[in-house]
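A short write-up of the structure that comes next.
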Amino acid sequence: MDDTSKQLSTLVSYPALIPYEESLEKNPYDVKGWTGYLSEIDDILDALGERFEDLAVRGGTSGGGGKRKKNKGMARDEVMEVGGRTIRLDAAAAGSGAGGGPVYILVGEIHALQSARNQVSERSLSLLPGSYKLWWDYLRFRSEVLTGSSGGGSGGSNPNPDQRLASSSSHRRYRATVSAYERCLVRCNKYPRIWLSYVTYVIRSDPTCSATNVRRLFDRCLLALPATQHQKIWDEYICWVTRSMPPWLEGGNSNVGRDMLGPVCTLYRKGKLGDAAGSGGGGSSINNTADDGDGDGIPPETVLRVVRRYVHSFDPSARELLADLCLKYDRWGEGAATLVSILNDSAYLSPRGTTRHEMWLRFADVVTEHPHEARRAGVDFDAIVRAAVGSTSMSGTDGWDVFDHLPSKEEAGGGVAGSVDDNVAGGSKDADDGNDATAATTTTRPQSNLANLGELEGTLWTKLANYHINSGEFELARSVYEEAMENVSRVRDFSLIFDEYMKFEEGVVEAMMELMEEEDEDGEAVGDDQGVDAGDAPDPSGREGEDKEDLDILLGDAYAKDRNDGGGEGDEDDAPASADIELALARAENLTSRRPLLLNRVLLRQNPHNVGEWTKRSTLHLQLGQTRQAIKALEEAFKSVKAVKSVNGSPSVLWTGLAGIYEDKEQDIDAARTVYRRVCRNGEYLFSDVDDLAQLWAGWVEFELRHENWDNALSVARQSVSNPEPERRNRITRGLGRSLRLWNLLLDLEESLGTVQTTKDAYNRVIEAKVATPSHLLNFASFLTEHKYFEESFNAYERGVELFPFPHPGAKLIWRAYLDSFTKRYEGTKIPRTRELFDRCVEICPPDQASGFFLSYGSFEEQYGLTKRALAVYEKMCTTLPPEEKFSAYQLYIAKTVKYLGVTATRPLYERAIAALEDEPAAKMCLEFSEMETTLGEVERARAALTYGAQLADPRRYPEYWAKWHDFEVQNGNEETFREMLRIKRSVQAAFSTVNYNAAEMGAGAPKVETLSDDRALEEIAAREGVRVHEQPRIGGFVQGKRTAEIKDLEEVERRAAKIARRIGESGDTPIGGGDDIDLSDDEDDVDEGIEVTAPVQNVQTKAIPAAVYGGLASKGGES
């Protein structure tokens, strides 16, 4: 029986499949019928597979030769119903050649049914060769069966144990599956899913593990599919060839159309794709049997070619991946060229999120570490850096164009084949000129690529210098450092470049010192081993040659040439080495000394209008003894600094500094004068402020004075305020005529060097120009007075008071000087005119400034006029001055009245003062009034004044008033008057009880006035008068309480005063204020607060109160 008959018999043995055969016999072109037929076979295979797994887990692989007792436990497993067929799984059913056991029975059934299924698929495809659904089902089944993915376990538990691939490449099942894929692609070659399935199957199942087969299959796929579907293939291609996930698929950041990973990427993510190319493990995880075979790994060249093809032909955004692979496989030149192309593309966005800053740093590191490979690749790092930072010097090649050809394996470092650029090493050897680093032709330079990466400028300059250092071009490296320090505009970049420059120079010195020491040691060794052949003792390690090679690189080609050409020994060989060391040390010292100047230049590049930095630059040159450089710096500052933008100082400081250098350092007076003439007369510089130009004119005058050129100084001062020529007339020069600085200088020089007439003319000019100040007028008048021009000086004062009327602050000074000068000149000879001046002054003078003029007026009247007019002046002063000064005015008025009219004439003055003043000064005036009356012996008048002032003095705020009244009563009063003082005090306290004061108004911090207590004062009064004070009787066991009742209003005070008067009348004395009685209720409280008098006081003398104390009250009482 052939295979076809066996497969048909297998299908017929399952009754569930017979209906499908009958149906397809009637309609063989029904795709649904074929797919249903195949699905039913798959269900049967799944059921058999599940029973196989169950038996494998339960240990059903044992033979059937056991005891019958044990087989009873497995009776239910000896029969299996599937697809309408009953399958016996016992040994008897298996037959003698089955090997025994249900597992092997199931394996046979599965293999037979799989073959039958393949035969059904072939039948369906022979009828429907263009059906994608049938082809896909067939290919999927064959690939899964061959790779063993449809079953589980391994070894004996695998349902397809003989399906594991052997080492032969002509394995029947593998070749049959490949043949099926090839036949499918004849009709279905536009389906990427089939191509990817084919590739995945070959990757996993190819016995030879050949990368070439897979690569060619990918190439066929790209040729067959349209370009719109290439991205799906390239993703899998890149993943397979690089053994890594493509950057655009990493992290789940898939682009549109890449939401699902392909089969190859899925294999990589599951870890079944193998190691990277060239690692010795390039095969798949299933077939990785050879570690160093010919076809095991993917060669680096293949990887680069595939990725390069993808980048240049399909997706340029993968250039970063190409650069990474080039650097990984030490193709430094191509990697640098690729990075250059990325940096040239301003619209490039890294799939990995790499910033342009990081890209620049990576590119600079690669080129700096491998300069020769970068040059061979056509990457001119020098030109790229200069174009990026905007430098004016560039080398001969355009660093932004990269040769588009492939590198070869034979080239060192993987660089692009080509000749080395001969112009790269060219350039001037002058390290002091930073712009002569290269001498090649200049090409069109693109715009700076660092518009948003300014912080990279210093880093790129240092990388460029290191690039030349690693190339052995030390002089070019120095030129680069110098040029960098002359071009950067940030202090951070400058510090970075300077530090690297300093390390480079120190490294050169250290290398030379080490080389000199090694040469000395070698010379000593040669001297000790004379007669010994040099070839007898070779250096076993070859270290000496390597050290010399390193020194040749570090010290440059010039040193290597000198060392190779040098033929002598002894001092002749030591002299050049010492000279080189001294030169290197001198370079390092010179660099250190120039640091302040270089840093200053950086700050000036940041803001060329910084006057302070230009001045500092000139000072630095002078400190180094470089006078000409200091002058040149200031001349450059004149061209760079714009007056309207100047900061940190005035531009006039620059001109003054330049003149000072010529004057002090160069001792060239004419050159200094020329500097002032250039800026002052010729208008070589346009200032924005008049005061800046005025400062230079003043500096010119002071310069002439220092050299005792008096006439020139006066002439320059006159020219400074004169009208400029029409061609030089502008806002600044016109403003010189109103410059106080220049007028003050001119007036001082006219008074010192000019004549009286020229001085008068100068003062008249400044007054007419309305530039004069009160001090000018005072000086003018003083000058005229010194030269006996008195009336002209008074005329100057008159012009002054006209220019500066009150309330100008200078008016008081001018009037004061005017009155003093007039009084001093005429004294008492022109009294009416003097009075007229004083009257004019006090009439127009504000009250707050008039006190001094009133005092002068009064003093003049006292000295040269009449006493009556003097007192009238003081009286007018009292009414004119502001309230805060009236108290002092009245004190002065009263003192003058006492001096000229006597004490008694001051009583009406006190009364007017008390009426005119505010509460506090009025209370003080009452105290003075009381003291005056006390001195005259008028105790009652004094008490009346104190009583009147008491209503103005709050005891809380003015305790000194009550202290003085207290002392007055102790000295001059009696018990009744003292009690009256206490009652008035309480009434005043009640009146002011609703008034609140803050701490400052209450006199916080004022010294406390020490007074006698009320009880003590009463005891002293009673002792002095010979009377006895009786205390109130106290009840035992109780403490006498203090009286807390307060006097609420003035009516209460009047009632109590009337009660006191009535008691005095009952004792035979004349009542105060008339004989009318005041009715008092019998139930009123006693007036006494703390002391009750139980018996009348005996032997007390009384007298009538003078009527003058009561004033108008006394007359009214008499009339009544």
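Each chain in the structure tokens gets a letter, A, B, ..., in the order shown, and its residues are numbered from 1; ligands are numbered from 1 in order too.
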task = Give me the residues within 10 Å of segment 222-232 of chain A as number ranges by chain, counting only C-alpha atoms and dropping any in the same chain fewer than 3 places off.
result = A: 185, 189-193, 195-196, 216-219, 235-237, 257-258, 260-262, 310, 314-315
Go ahead and save the residues from that selection, with N, CA, C and O atoms, as a tab-separated table (two decimals), in the first residue's frame.
```
chain	number	residue	atom	x	y	z
A	185	LEU	N	4.75	31.12	-3.00
A	185	LEU	CA	5.18	32.44	-3.44
A	185	LEU	C	5.06	32.62	-4.95
A	185	LEU	O	5.15	33.76	-5.44
A	189	ASN	N	3.03	36.09	-3.97
A	189	ASN	CA	4.30	36.77	-3.66
A	189	ASN	C	4.11	38.23	-3.25
A	189	ASN	O	5.09	38.94	-3.06
A	190	LYS	N	2.89	38.71	-3.11
A	190	LYS	CA	2.65	40.09	-2.69
A	190	LYS	C	2.11	40.16	-1.26
A	190	LYS	O	1.64	41.21	-0.84
A	191	TYR	N	2.25	39.08	-0.55
A	191	TYR	CA	1.76	39.06	0.82
A	191	TYR	C	2.95	39.07	1.79
A	191	TYR	O	3.67	38.08	1.90
A	192	PRO	N	3.19	40.21	2.48
A	192	PRO	CA	4.35	40.27	3.39
A	192	PRO	C	4.25	39.27	4.53
A	192	PRO	O	5.27	38.83	5.06
A	193	ARG	N	3.05	38.88	4.90
A	193	ARG	CA	2.91	37.95	6.03
A	193	ARG	C	3.49	36.60	5.67
A	193	ARG	O	4.12	35.93	6.50
A	195	TRP	N	5.86	36.11	3.41
A	195	TRP	CA	7.32	36.27	3.33
A	195	TRP	C	7.95	36.23	4.73
A	195	TRP	O	8.98	35.58	4.94
A	196	LEU	N	7.35	36.94	5.66
A	196	LEU	CA	7.91	36.97	7.01
A	196	LEU	C	7.81	35.60	7.67
A	196	LEU	O	8.71	35.20	8.43
A	216	ARG	N	19.55	36.60	1.63
A	216	ARG	CA	19.02	36.54	0.27
A	216	ARG	C	17.50	36.45	0.26
A	216	ARG	O	16.83	37.01	-0.63
A	217	LEU	N	16.97	35.76	1.24
A	217	LEU	CA	15.51	35.67	1.32
A	217	LEU	C	14.90	37.05	1.61
A	217	LEU	O	13.87	37.42	1.04
A	218	PHE	N	15.51	37.82	2.51
A	218	PHE	CA	15.05	39.18	2.76
A	218	PHE	C	15.16	40.04	1.51
A	218	PHE	O	14.26	40.83	1.20
A	219	ASP	N	16.23	39.87	0.76
A	219	ASP	CA	16.40	40.64	-0.47
A	219	ASP	C	15.31	40.29	-1.49
A	219	ASP	O	14.75	41.17	-2.15
A	235	ASP	N	11.91	46.40	9.23
A	235	ASP	CA	11.93	46.27	10.69
A	235	ASP	C	12.46	44.90	11.09
A	235	ASP	O	13.31	44.77	11.99
A	236	GLU	N	11.96	43.83	10.41
A	236	GLU	CA	12.42	42.48	10.73
A	236	GLU	C	13.87	42.27	10.27
A	236	GLU	O	14.66	41.61	10.95
A	237	TYR	N	14.21	42.83	9.12
A	237	TYR	CA	15.55	42.70	8.57
A	237	TYR	C	16.58	43.32	9.51
A	237	TYR	O	17.61	42.70	9.85
A	257	GLY	N	1.46	52.43	11.83
A	257	GLY	CA	1.66	51.25	11.00
A	257	GLY	C	2.61	50.25	11.59
A	257	GLY	O	2.90	49.23	10.98
A	258	ARG	N	3.14	50.52	12.79
A	258	ARG	CA	4.09	49.57	13.40
A	258	ARG	C	3.59	49.16	14.78
A	258	ARG	O	4.37	49.00	15.71
A	260	MET	N	2.17	46.44	15.76
A	260	MET	CA	2.39	45.04	16.13
A	260	MET	C	3.76	44.61	15.64
A	260	MET	O	4.16	44.90	14.50
A	261	LEU	N	4.48	43.94	16.50
A	261	LEU	CA	5.80	43.46	16.14
A	261	LEU	C	5.69	42.27	15.21
A	261	LEU	O	4.79	41.45	15.32
A	262	GLY	N	6.66	42.16	14.29
A	262	GLY	CA	6.69	41.04	13.38
A	262	GLY	C	7.24	39.79	14.06
A	262	GLY	O	7.66	39.81	15.23
A	310	TYR	N	19.72	50.38	4.07
A	310	TYR	CA	18.45	50.85	4.63
A	310	TYR	C	18.46	52.37	4.81
A	310	TYR	O	17.49	53.06	4.50
A	314	PHE	N	16.18	53.95	2.02
A	314	PHE	CA	14.81	53.89	2.50
A	314	PHE	C	14.51	54.92	3.59
A	314	PHE	O	13.60	55.73	3.43
A	315	ASP	N	15.24	54.90	4.69
A	315	ASP	CA	14.89	55.74	5.84
A	315	ASP	C	16.14	56.43	6.38
A	315	ASP	O	16.90	55.82	7.14
```
key: Shell of 10 Å around Thr302 of chain A, only C-alpha atoms, local chain residues under 4 positions omitted, as a PyMOL selection string   = chain A and resi 211-212+215+241-242+277+298+306-308
